[in-house]
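Source file: upload_12.pdb (PDB, C-alpha atoms)
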```pdb
ATOM      1  CA  MET A   1     176.696 133.274 186.064  1.00  0.00           C
ATOM      2  CA  SER A   2     178.885 133.575 182.965  1.00  0.00           C
ATOM      3  CA  ILE A   3     178.665 137.376 182.807  1.00  0.00           C
ATOM      4  CA  PRO A   4     182.198 138.729 183.412  1.00  0.00           C
ATOM      5  CA  TRP A   5     181.063 141.494 185.771  1.00  0.00           C
ATOM      6  CA  ALA A   6     184.552 142.629 186.766  1.00  0.00           C
ATOM      7  CA  ARG A   7     185.586 143.190 183.147  1.00  0.00           C
ATOM      8  CA  ILE A   8     182.536 145.248 182.084  1.00  0.00           C
ATOM      9  CA  SER A   9     182.748 149.046 182.367  1.00  0.00           C
ATOM     10  CA  VAL A  10     179.083 149.902 181.687  1.00  0.00           C
ATOM     11  CA  GLY A  11     177.595 148.067 184.669  1.00  0.00           C
ATOM     12  CA  TRP A  12     173.938 148.969 184.133  1.00  0.00           C
ATOM     13  CA  LEU A  13     173.972 147.267 180.729  1.00  0.00           C
ATOM     14  CA  ALA A  14     175.125 144.020 182.350  1.00  0.00           C
ATOM     15  CA  VAL A  15     172.326 144.264 184.937  1.00  0.00           C
ATOM     16  CA  VAL A  16     169.762 144.959 182.209  1.00  0.00           C
ATOM     17  CA  HIS A  17     171.029 141.986 180.217  1.00  0.00           C
ATOM     18  CA  TYR A  18     170.903 139.718 183.262  1.00  0.00           C
ATOM     19  CA  LEU A  19     167.256 140.665 183.885  1.00  0.00           C
ATOM     20  CA  ALA A  20     166.436 140.158 180.194  1.00  0.00           C
ATOM     21  CA  CYS A  21     167.710 136.583 180.357  1.00  0.00           C
ATOM     22  CA  VAL A  22     166.230 135.593 183.732  1.00  0.00           C
ATOM     23  CA  VAL A  23     162.868 137.370 184.147  1.00  0.00           C
ATOM     24  CA  PRO A  24     161.100 135.805 181.115  1.00  0.00           C
ATOM     25  CA  GLN A  25     161.993 132.313 182.325  1.00  0.00           C
ATOM     26  CA  LEU A  26     160.580 133.007 185.787  1.00  0.00           C
ATOM     27  CA  GLY A  27     157.370 134.518 184.403  1.00  0.00           C
ATOM     28  CA  SER A  28     156.866 131.588 182.055  1.00  0.00           C
ATOM     29  CA  VAL A  29     157.432 128.989 184.784  1.00  0.00           C
ATOM     30  CA  VAL A  30     154.924 130.658 187.120  1.00  0.00           C
ATOM     31  CA  TYR A  31     152.360 130.938 184.307  1.00  0.00           C
ATOM     32  CA  HIS A  32     152.613 127.310 183.238  1.00  0.00           C
ATOM     33  CA  LEU A  33     152.708 125.991 186.793  1.00  0.00           C
ATOM     34  CA  PHE A  34     149.505 127.727 187.897  1.00  0.00           C
ATOM     35  CA  MET A  35     147.581 128.202 184.616  1.00  0.00           C
ATOM     36  CA  ASN A  36     145.051 125.494 185.603  1.00  0.00           C
ATOM     37  CA  HIS A  37     144.371 127.116 188.985  1.00  0.00           C
ATOM     38  CA  GLU A  38     140.828 126.721 190.319  1.00  0.00           C
ATOM     39  CA  GLY A  39     140.544 130.519 190.507  1.00  0.00           C
ATOM     40  CA  GLY A  40     139.350 130.441 186.902  1.00  0.00           C
ATOM     41  CA  PRO A  41     139.617 133.117 184.190  1.00  0.00           C
ATOM     42  CA  ALA A  42     140.639 135.957 186.524  1.00  0.00           C
ATOM     43  CA  VAL A  43     143.691 134.065 187.824  1.00  0.00           C
ATOM     44  CA  TYR A  44     144.530 132.777 184.348  1.00  0.00           C
ATOM     45  CA  HIS A  45     144.455 136.283 182.853  1.00  0.00           C
ATOM     46  CA  THR A  46     146.731 137.583 185.628  1.00  0.00           C
ATOM     47  CA  LEU A  47     149.200 134.777 184.990  1.00  0.00           C
ATOM     48  CA  LEU A  48     149.074 135.334 181.227  1.00  0.00           C
ATOM     49  CA  THR A  49     149.767 139.032 181.795  1.00  0.00           C
ATOM     50  CA  LEU A  50     152.804 138.071 183.887  1.00  0.00           C
ATOM     51  CA  ASP A  51     154.021 135.781 181.101  1.00  0.00           C
ATOM     52  CA  MET A  52     153.554 138.509 178.483  1.00  0.00           C
ATOM     53  CA  CYS A  53     155.442 140.973 180.686  1.00  0.00           C
ATOM     54  CA  GLY A  54     158.326 138.503 180.739  1.00  0.00           C
ATOM     55  CA  VAL A  55     158.293 138.253 176.944  1.00  0.00           C
ATOM     56  CA  CYS A  56     158.297 142.038 176.699  1.00  0.00           C
ATOM     57  CA  MET A  57     161.182 142.215 179.177  1.00  0.00           C
ATOM     58  CA  VAL A  58     163.444 140.069 177.009  1.00  0.00           C
ATOM     59  CA  ASN A  59     162.425 142.064 173.922  1.00  0.00           C
ATOM     60  CA  THR A  60     162.955 145.411 175.656  1.00  0.00           C
ATOM     61  CA  LEU A  61     165.852 144.916 178.052  1.00  0.00           C
ATOM     62  CA  GLY A  62     167.542 142.475 175.689  1.00  0.00           C
ATOM     63  CA  ALA A  63     167.788 145.115 172.974  1.00  0.00           C
ATOM     64  CA  LEU A  64     169.092 148.016 175.084  1.00  0.00           C
ATOM     65  CA  PRO A  65     172.726 146.799 175.118  1.00  0.00           C
ATOM     66  CA  ILE A  66     172.489 146.168 171.372  1.00  0.00           C
ATOM     67  CA  ILE A  67     171.328 149.734 170.738  1.00  0.00           C
ATOM     68  CA  TYR A  68     173.883 151.180 173.137  1.00  0.00           C
ATOM     69  CA  CYS A  69     176.832 149.382 171.547  1.00  0.00           C
ATOM     70  CA  THR A  70     175.660 150.039 167.979  1.00  0.00           C
ATOM     71  CA  LEU A  71     175.687 153.787 168.710  1.00  0.00           C
ATOM     72  CA  ALA A  72     178.574 153.673 171.190  1.00  0.00           C
ATOM     73  CA  CYS A  73     180.277 156.681 169.592  1.00  0.00           C
ATOM     74  CA  SER A  74     177.115 158.781 169.109  1.00  0.00           C
ATOM     75  CA  PRO A  75     175.840 159.728 172.590  1.00  0.00           C
ATOM     76  CA  LEU A  76     172.906 161.931 171.536  1.00  0.00           C
ATOM     77  CA  PRO A  77     171.387 159.562 168.923  1.00  0.00           C
ATOM     78  CA  ARG A  78     172.072 156.695 171.326  1.00  0.00           C
ATOM     79  CA  SER A  79     170.046 158.298 174.114  1.00  0.00           C
ATOM     80  CA  ALA A  80     167.215 159.158 171.719  1.00  0.00           C
ATOM     81  CA  ALA A  81     167.153 155.603 170.347  1.00  0.00           C
ATOM     82  CA  LEU A  82     167.106 154.070 173.831  1.00  0.00           C
ATOM     83  CA  LEU A  83     164.184 156.294 174.855  1.00  0.00           C
ATOM     84  CA  ALA A  84     162.304 155.631 171.609  1.00  0.00           C
ATOM     85  CA  TYR A  85     162.720 151.866 171.943  1.00  0.00           C
ATOM     86  CA  THR A  86     161.581 151.956 175.569  1.00  0.00           C
ATOM     87  CA  ALA A  87     158.466 153.931 174.581  1.00  0.00           C
ATOM     88  CA  LEU A  88     157.765 151.538 171.699  1.00  0.00           C
ATOM     89  CA  SER A  89     158.147 148.596 174.076  1.00  0.00           C
ATOM     90  CA  SER A  90     155.625 150.118 176.486  1.00  0.00           C
ATOM     91  CA  TYR A  91     153.104 150.256 173.654  1.00  0.00           C
ATOM     92  CA  ALA A  92     153.977 146.683 172.641  1.00  0.00           C
ATOM     93  CA  ILE A  93     153.251 145.272 176.075  1.00  0.00           C
ATOM     94  CA  ILE A  94     149.866 147.010 176.184  1.00  0.00           C
ATOM     95  CA  CYS A  95     149.017 145.422 172.829  1.00  0.00           C
ATOM     96  CA  ALA A  96     150.291 142.007 173.946  1.00  0.00           C
ATOM     97  CA  VAL A  97     148.392 142.006 177.236  1.00  0.00           C
ATOM     98  CA  THR A  98     145.116 143.082 175.612  1.00  0.00           C
ATOM     99  CA  ALA A  99     145.425 140.774 172.563  1.00  0.00           C
ATOM    100  CA  HIS A 100     142.677 138.167 172.199  1.00  0.00           C
ATOM    101  CA  SER A 101     144.608 135.656 170.081  1.00  0.00           C
ATOM    102  CA  ASN A 102     148.104 134.224 169.722  1.00  0.00           C
ATOM    103  CA  VAL A 103     148.434 135.816 166.279  1.00  0.00           C
ATOM    104  CA  ARG A 104     147.720 139.306 167.637  1.00  0.00           C
ATOM    105  CA  ARG A 105     150.060 138.621 170.548  1.00  0.00           C
ATOM    106  CA  LEU A 106     152.871 137.735 168.135  1.00  0.00           C
ATOM    107  CA  ARG A 107     152.165 140.813 166.018  1.00  0.00           C
ATOM    108  CA  SER A 108     152.431 143.020 169.114  1.00  0.00           C
ATOM    109  CA  PHE A 109     156.195 142.571 169.068  1.00  0.00           C
ATOM    110  CA  ALA A 110     156.638 143.208 165.332  1.00  0.00           C
ATOM    111  CA  TRP A 111     157.592 146.875 165.680  1.00  0.00           C
ATOM    112  CA  GLN A 112     160.235 145.998 168.265  1.00  0.00           C
ATOM    113  CA  ALA A 113     161.718 143.459 165.843  1.00  0.00           C
ATOM    114  CA  LEU A 114     161.774 146.013 163.013  1.00  0.00           C
ATOM    115  CA  PHE A 115     163.479 148.526 165.308  1.00  0.00           C
ATOM    116  CA  ARG A 116     166.166 145.984 166.190  1.00  0.00           C
ATOM    117  CA  PHE A 117     166.664 145.036 162.547  1.00  0.00           C
ATOM    118  CA  PHE A 118     167.325 148.685 161.732  1.00  0.00           C
ATOM    119  CA  PHE A 119     170.276 148.564 164.131  1.00  0.00           C
ATOM    120  CA  PHE A 120     171.399 145.244 162.707  1.00  0.00           C
ATOM    121  CA  TYR A 121     171.402 146.947 159.308  1.00  0.00           C
ATOM    122  CA  LEU A 122     173.532 149.821 160.662  1.00  0.00           C
ATOM    123  CA  ARG A 123     176.098 147.289 161.816  1.00  0.00           C
ATOM    124  CA  TRP A 124     175.988 145.341 158.585  1.00  0.00           C
ATOM    125  CA  VAL A 125     176.708 148.402 156.412  1.00  0.00           C
ATOM    126  CA  GLY A 126     179.390 149.687 158.777  1.00  0.00           C
ATOM    127  CA  LEU A 127     177.486 152.666 160.180  1.00  0.00           C
ATOM    128  CA  GLY A 128     177.084 151.048 163.593  1.00  0.00           C
ATOM    129  CA  THR A 129     179.657 149.703 166.001  1.00  0.00           C
ATOM    130  CA  GLY A 130     179.939 146.520 168.058  1.00  0.00           C
ATOM    131  CA  HIS A 131     181.872 143.286 168.357  1.00  0.00           C
ATOM    132  CA  PRO A 132     182.334 141.623 164.925  1.00  0.00           C
ATOM    133  CA  SER A 133     180.741 138.339 166.037  1.00  0.00           C
ATOM    134  CA  SER A 134     177.686 139.832 167.734  1.00  0.00           C
ATOM    135  CA  LEU A 135     175.627 140.591 164.630  1.00  0.00           C
ATOM    136  CA  ARG A 136     175.569 136.913 163.654  1.00  0.00           C
ATOM    137  CA  SER A 137     174.417 135.972 167.169  1.00  0.00           C
ATOM    138  CA  TYR A 138     171.640 138.577 167.074  1.00  0.00           C
ATOM    139  CA  LEU A 139     170.375 137.472 163.669  1.00  0.00           C
ATOM    140  CA  ILE A 140     170.241 133.847 164.814  1.00  0.00           C
ATOM    141  CA  MET A 141     168.531 134.987 168.022  1.00  0.00           C
ATOM    142  CA  ASP A 142     165.713 136.792 166.233  1.00  0.00           C
ATOM    143  CA  GLY A 143     165.443 134.067 163.592  1.00  0.00           C
ATOM    144  CA  LEU A 144     164.930 131.373 166.244  1.00  0.00           C
ATOM    145  CA  ALA A 145     162.467 133.515 168.197  1.00  0.00           C
ATOM    146  CA  LEU A 146     160.443 134.233 165.049  1.00  0.00           C
ATOM    147  CA  LEU A 147     160.466 130.569 164.047  1.00  0.00           C
ATOM    148  CA  GLY A 148     159.270 129.606 167.520  1.00  0.00           C
ATOM    149  CA  GLY A 149     156.456 132.142 167.375  1.00  0.00           C
ATOM    150  CA  ILE A 150     155.318 130.956 163.940  1.00  0.00           C
ATOM    151  CA  ILE A 151     155.347 127.298 165.025  1.00  0.00           C
ATOM    152  CA  ASN A 152     153.361 128.156 168.161  1.00  0.00           C
ATOM    153  CA  VAL A 153     150.747 130.182 166.285  1.00  0.00           C
ATOM    154  CA  SER A 154     150.395 127.639 163.461  1.00  0.00           C
ATOM    155  CA  ARG A 155     149.989 124.746 165.940  1.00  0.00           C
ATOM    156  CA  MET A 156     152.394 122.449 164.110  1.00  0.00           C
ATOM    157  CA  PRO A 157     152.706 119.465 164.281  1.00  0.00           C
ATOM    158  CA  GLU A 158     149.596 118.717 166.375  1.00  0.00           C
ATOM    159  CA  ARG A 159     147.248 120.225 163.801  1.00  0.00           C
ATOM    160  CA  TRP A 160     148.184 117.363 161.452  1.00  0.00           C
ATOM    161  CA  GLN A 161     147.703 114.571 164.013  1.00  0.00           C
ATOM    162  CA  PRO A 162     145.436 115.745 166.868  1.00  0.00           C
ATOM    163  CA  GLY A 163     146.033 113.929 170.137  1.00  0.00           C
ATOM    164  CA  ARG A 164     149.418 112.485 169.254  1.00  0.00           C
ATOM    165  CA  PHE A 165     151.452 115.424 170.551  1.00  0.00           C
ATOM    166  CA  ASP A 166     149.451 116.293 173.675  1.00  0.00           C
ATOM    167  CA  TYR A 167     152.370 115.525 176.017  1.00  0.00           C
ATOM    168  CA  TRP A 168     155.542 115.697 173.921  1.00  0.00           C
ATOM    169  CA  PHE A 169     156.842 117.591 170.876  1.00  0.00           C
ATOM    170  CA  ASN A 170     153.834 119.885 170.476  1.00  0.00           C
ATOM    171  CA  SER A 171     154.175 123.389 169.036  1.00  0.00           C
ATOM    172  CA  HIS A 172     154.238 125.130 172.411  1.00  0.00           C
ATOM    173  CA  GLN A 173     157.083 122.953 173.662  1.00  0.00           C
ATOM    174  CA  ILE A 174     159.048 123.434 170.444  1.00  0.00           C
ATOM    175  CA  MET A 175     158.542 127.186 170.758  1.00  0.00           C
ATOM    176  CA  HIS A 176     159.910 127.203 174.312  1.00  0.00           C
ATOM    177  CA  VAL A 177     163.018 125.240 173.334  1.00  0.00           C
ATOM    178  CA  LEU A 178     163.693 127.627 170.438  1.00  0.00           C
ATOM    179  CA  VAL A 179     163.189 130.647 172.702  1.00  0.00           C
ATOM    180  CA  VAL A 180     165.671 129.321 175.277  1.00  0.00           C
ATOM    181  CA  VAL A 181     168.263 128.757 172.524  1.00  0.00           C
ATOM    182  CA  SER A 182     167.441 132.223 171.188  1.00  0.00           C
ATOM    183  CA  ILE A 183     168.191 133.752 174.598  1.00  0.00           C
ATOM    184  CA  LEU A 184     171.525 131.905 174.657  1.00  0.00           C
ATOM    185  CA  TYR A 185     172.472 133.581 171.367  1.00  0.00           C
ATOM    186  CA  LEU A 186     171.363 136.927 172.802  1.00  0.00           C
ATOM    187  CA  HIS A 187     173.605 136.278 175.800  1.00  0.00           C
ATOM    188  CA  TRP A 188     176.634 135.363 173.703  1.00  0.00           C
ATOM    189  CA  GLY A 189     176.182 138.414 171.498  1.00  0.00           C
ATOM    190  CA  VAL A 190     175.636 140.876 174.335  1.00  0.00           C
ATOM    191  CA  VAL A 191     178.551 139.614 176.444  1.00  0.00           C
ATOM    192  CA  ALA A 192     180.848 139.994 173.416  1.00  0.00           C
ATOM    193  CA  ASP A 193     179.495 143.526 172.869  1.00  0.00           C
ATOM    194  CA  LEU A 194     179.895 144.539 176.519  1.00  0.00           C
ATOM    195  CA  LEU A 195     183.503 143.371 176.594  1.00  0.00           C
ATOM    196  CA  TRP A 196     184.095 145.114 173.259  1.00  0.00           C
ATOM    197  CA  VAL A 197     182.642 148.467 174.387  1.00  0.00           C
ATOM    198  CA  THR A 198     184.789 148.336 177.535  1.00  0.00           C
ATOM    199  CA  SER A 199     188.007 148.376 175.533  1.00  0.00           C
ATOM    200  CA  TYR A 200     186.887 150.286 172.414  1.00  0.00           C
ATOM    201  CA  ALA A 201     188.081 153.849 171.889  1.00  0.00           C
ATOM    202  CA  CYS A 202     185.874 155.968 169.645  1.00  0.00           C
ATOM    203  CA  PRO A 203     187.743 157.755 166.830  1.00  0.00           C
ATOM    204  CA  GLN A 204     188.442 161.421 167.479  1.00  0.00           C
ATOM    205  CA  ASP A 205     186.790 163.906 165.096  1.00  0.00           C
TER     206      ASP A 205
END
```

Could you write out this file's structure as structure tokens?
Amino acid sequence: MSIPWARISVGWLAVVHYLACVVPQLGSVVYHLFMNHEGGPAVYHTLLTLDMCGVCMVNTLGALPIIYCTLACSPLPRSAALLAYTALSSYAIICAVTAHSNVRRLRSFAWQALFRFFFFYLRWVGLGTGHPSSLRSYLIMDGLALLGGIINVSRMPERWQPGRFDYWFNSHQIMHVLVVVSILYLHWGVVADLLWVTSYACPQD
């Protein structure tokens, strides 16, 4: 609700960002609500696939405005980068859905992260464009998401005291809190970028 729709010139980026923030939450809620369904493994696998699709949505759609704004003044490379990232994301979701462990699931999104960090690097060295405050938000975003993934995979703290964290403060809950905060930083960074690109004039060659 905090997206300033009327002040954003590239409308499809705002829609993409909105979906990136909302869809993963919906997929996760449905998965956790029905994961103990009496339908057994078939239902569980379908729900897990839905959850993984949500994760891929935030990784894919969440990065498209970042890529667009980083290459705002380079239309051809921008289009190529957007297509390449979309193709890479399609491969990532196949790997995530077919993974047989949490570690492999986490690794499925590694190439997407490396792709994003390349664009963060372009901004850092001055070769990319974007709002000055957005890079910090994006780095915190990916840092929190990575930390959440590592905590979830490593099963901390319940691996140290089994049974004590069954209901509260277990690794999966910590991961979800970090992911929600991560998405907030994504939102703050993207909104700043979308307002920036609306008013920015590319230098004339």

Exercise for review: For segment 107-123 of chain A, work out the shell of residues within 8 Å, counting only C-alpha atoms and skipping chain neighbours fewer than 2 positions away, then give it as a list in words.
Suggested key: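 Contacts, with the query itself left out: Cys56, Asn59, Thr60, Ala63, Ile66, Ile67, Thr70, Tyr85, Leu88, Ser89, Ala92, Ile93, Cys95, Ala96, Val103, Arg104, Arg105, Val125, Gly126, Leu127, Gly128, Thr129, Gly130, Leu135, Tyr138, Leu139 and Asp142 of chain A.
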
Generate a file of the selected residues that holds C-alpha atoms, formatted as an mmCIF file, keeping the file's coordinate frame.
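result20.cif was written with the following content:
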```
data_model
loop_
_atom_site.group_PDB
_atom_site.id
_atom_site.type_symbol
_atom_site.label_atom_id
_atom_site.label_comp_id
_atom_site.auth_asym_id
_atom_site.auth_seq_id
_atom_site.Cartn_x
_atom_site.Cartn_y
_atom_site.Cartn_z
ATOM 1 C CA CYS A 56 158.297 142.038 176.699
ATOM 2 C CA ASN A 59 162.425 142.064 173.922
ATOM 3 C CA THR A 60 162.955 145.411 175.656
ATOM 4 C CA ALA A 63 167.788 145.115 172.974
ATOM 5 C CA ILE A 66 172.489 146.168 171.372
ATOM 6 C CA ILE A 67 171.328 149.734 170.738
ATOM 7 C CA THR A 70 175.660 150.039 167.979
ATOM 8 C CA TYR A 85 162.720 151.866 171.943
ATOM 9 C CA LEU A 88 157.765 151.538 171.699
ATOM 10 C CA SER A 89 158.147 148.596 174.076
ATOM 11 C CA ALA A 92 153.977 146.683 172.641
ATOM 12 C CA ILE A 93 153.251 145.272 176.075
ATOM 13 C CA CYS A 95 149.017 145.422 172.829
ATOM 14 C CA ALA A 96 150.291 142.007 173.946
ATOM 15 C CA VAL A 103 148.434 135.816 166.279
ATOM 16 C CA ARG A 104 147.720 139.306 167.637
ATOM 17 C CA ARG A 105 150.060 138.621 170.548
ATOM 18 C CA VAL A 125 176.708 148.402 156.412
ATOM 19 C CA GLY A 126 179.390 149.687 158.777
ATOM 20 C CA LEU A 127 177.486 152.666 160.180
ATOM 21 C CA GLY A 128 177.084 151.048 163.593
ATOM 22 C CA THR A 129 179.657 149.703 166.001
ATOM 23 C CA GLY A 130 179.939 146.520 168.058
ATOM 24 C CA LEU A 135 175.627 140.591 164.630
ATOM 25 C CA TYR A 138 171.640 138.577 167.074
ATOM 26 C CA LEU A 139 170.375 137.472 163.669
ATOM 27 C CA ASP A 142 165.713 136.792 166.233
#
```

Review point. Of the candidates A:Val179, A:Leu194, A:Leu47, A:Ala99, which one gets nearest to Gly11 of chain A if we count only C-alpha atoms?
Key: A:Leu194

Check your understanding: Hey, which of A:His176, A:Pro203, A:Val58, A:Pro162 ends up closest to Pro24 of chain A? Count all atoms listed in the file.
Key ->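 Residue with the minimum atom-to-atom distance to Pro24 of chain A: A:Val58.
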
Practice item. Pick out the closest residue to Ile3 of chain A from this set: A:Val55, A:Leu71, A:Val191, A:Met156. Count all atoms listed in the file. Key: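 Nearest to Ile3 of chain A: A:Val191.
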
Taking 4 positions as the minimum chain separation for residues in the same chain, which residues sit within 10 Å of Cys21 of chain A when counting all atoms listed in the file? Answer as a PDB file with C-alpha atoms, in the coordinates of the input.
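Generated file (selection-v7.pdb):
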```
ATOM      1  CA  VAL A  16     169.762 144.959 182.209  1.00  0.00           C
ATOM      2  CA  HIS A  17     171.029 141.986 180.217  1.00  0.00           C
ATOM      3  CA  GLN A  25     161.993 132.313 182.325  1.00  0.00           C
ATOM      4  CA  LEU A  26     160.580 133.007 185.787  1.00  0.00           C
ATOM      5  CA  GLY A  54     158.326 138.503 180.739  1.00  0.00           C
ATOM      6  CA  MET A  57     161.182 142.215 179.177  1.00  0.00           C
ATOM      7  CA  VAL A  58     163.444 140.069 177.009  1.00  0.00           C
ATOM      8  CA  ASN A  59     162.425 142.064 173.922  1.00  0.00           C
ATOM      9  CA  LEU A  61     165.852 144.916 178.052  1.00  0.00           C
ATOM     10  CA  GLY A  62     167.542 142.475 175.689  1.00  0.00           C
ATOM     11  CA  VAL A 180     165.671 129.321 175.277  1.00  0.00           C
ATOM     12  CA  ILE A 183     168.191 133.752 174.598  1.00  0.00           C
ATOM     13  CA  LEU A 184     171.525 131.905 174.657  1.00  0.00           C
ATOM     14  CA  LEU A 186     171.363 136.927 172.802  1.00  0.00           C
ATOM     15  CA  HIS A 187     173.605 136.278 175.800  1.00  0.00           C
TER      16      HIS A 187
END
```

Check your understanding: Pick the closest to Val197 of chain A from A:Leu13, A:Val30, A:Leu48, A:Ala72: which is it, counting only C-alpha atoms?
Key -> A:Ala72

Check your understanding: Hey, what comes out of the PyMOL selection byres ((chain A and resi 178) around 12) on this file? Could you write it as number ranges by chain?
Key -> A: 140-152, 171-177, 179-185

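Note that atom CA of Ser137 of chain A and atom CA of Pro65 of chain A are 13.5 Å apart.
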
Check your understanding: Neighbours of Asp193 of chain A within 7 Å (all atoms listed in the file; same-chain residues fewer than 5 positions away dropped), as a PyMOL selection string?
Key -> chain A and resi 69+130-131+134

Practice item. Find the residues around His45 of chain A up to 10 Å (all atoms listed in the file counted), leave out those fewer than 3 positions away in its own chain, and share them as a ChimeraX atom specification. Key: /A:31,35,40-42,48-51,97-98

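Rounded to one decimal, atom CA of Asn102 of chain A and atom CA of Arg155 of chain A lie 10.4 Å from each other.
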
Exercise for review: Quote the spacing between atom CA of Val15 of chain A and atom CA of Trp196 of chain A in Å to one decimal place.
Suggested key: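 Atom CA of Val15 of chain A sits 16.6 Å away from atom CA of Trp196 of chain A.
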
Practice item. Give the answer as one residue: which of A:Phe165, A:Ala192, A:Ala84, A:Leu76 has the shortest atom-to-atom distance to Arg7 of chain A, using all atoms listed in the file? Key: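 That would be A:Ala192, the residue with the smallest distance to Arg7 of chain A.
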
Study note, to complete from the structure: Residue with the minimum atom-to-atom distance to Val153 of chain A, picked from A:Leu19, A:Leu82, A:Val10, A:Leu106 with only C-alpha atoms counted, is A:Leu106

Extract, using all atoms listed in the file, all DNA, RNA and protein residues at most 12 Å from Ala6 of chain A, discarding same-chain residues fewer than 6 positions from it, and format them as a short mmCIF file (atom, residue, chain, number, x, y, z; two decimals) with C-alpha atoms, keeping the file's coordinate frame.
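File produced: part02.cif:
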```cif
data_model
loop_
_atom_site.label_atom_id
_atom_site.label_comp_id
_atom_site.auth_asym_id
_atom_site.auth_seq_id
_atom_site.Cartn_x
_atom_site.Cartn_y
_atom_site.Cartn_z
CA ALA A 14 175.12 144.02 182.35
CA LEU A 194 179.90 144.54 176.52
CA LEU A 195 183.50 143.37 176.59
CA THR A 198 184.79 148.34 177.54
#
```
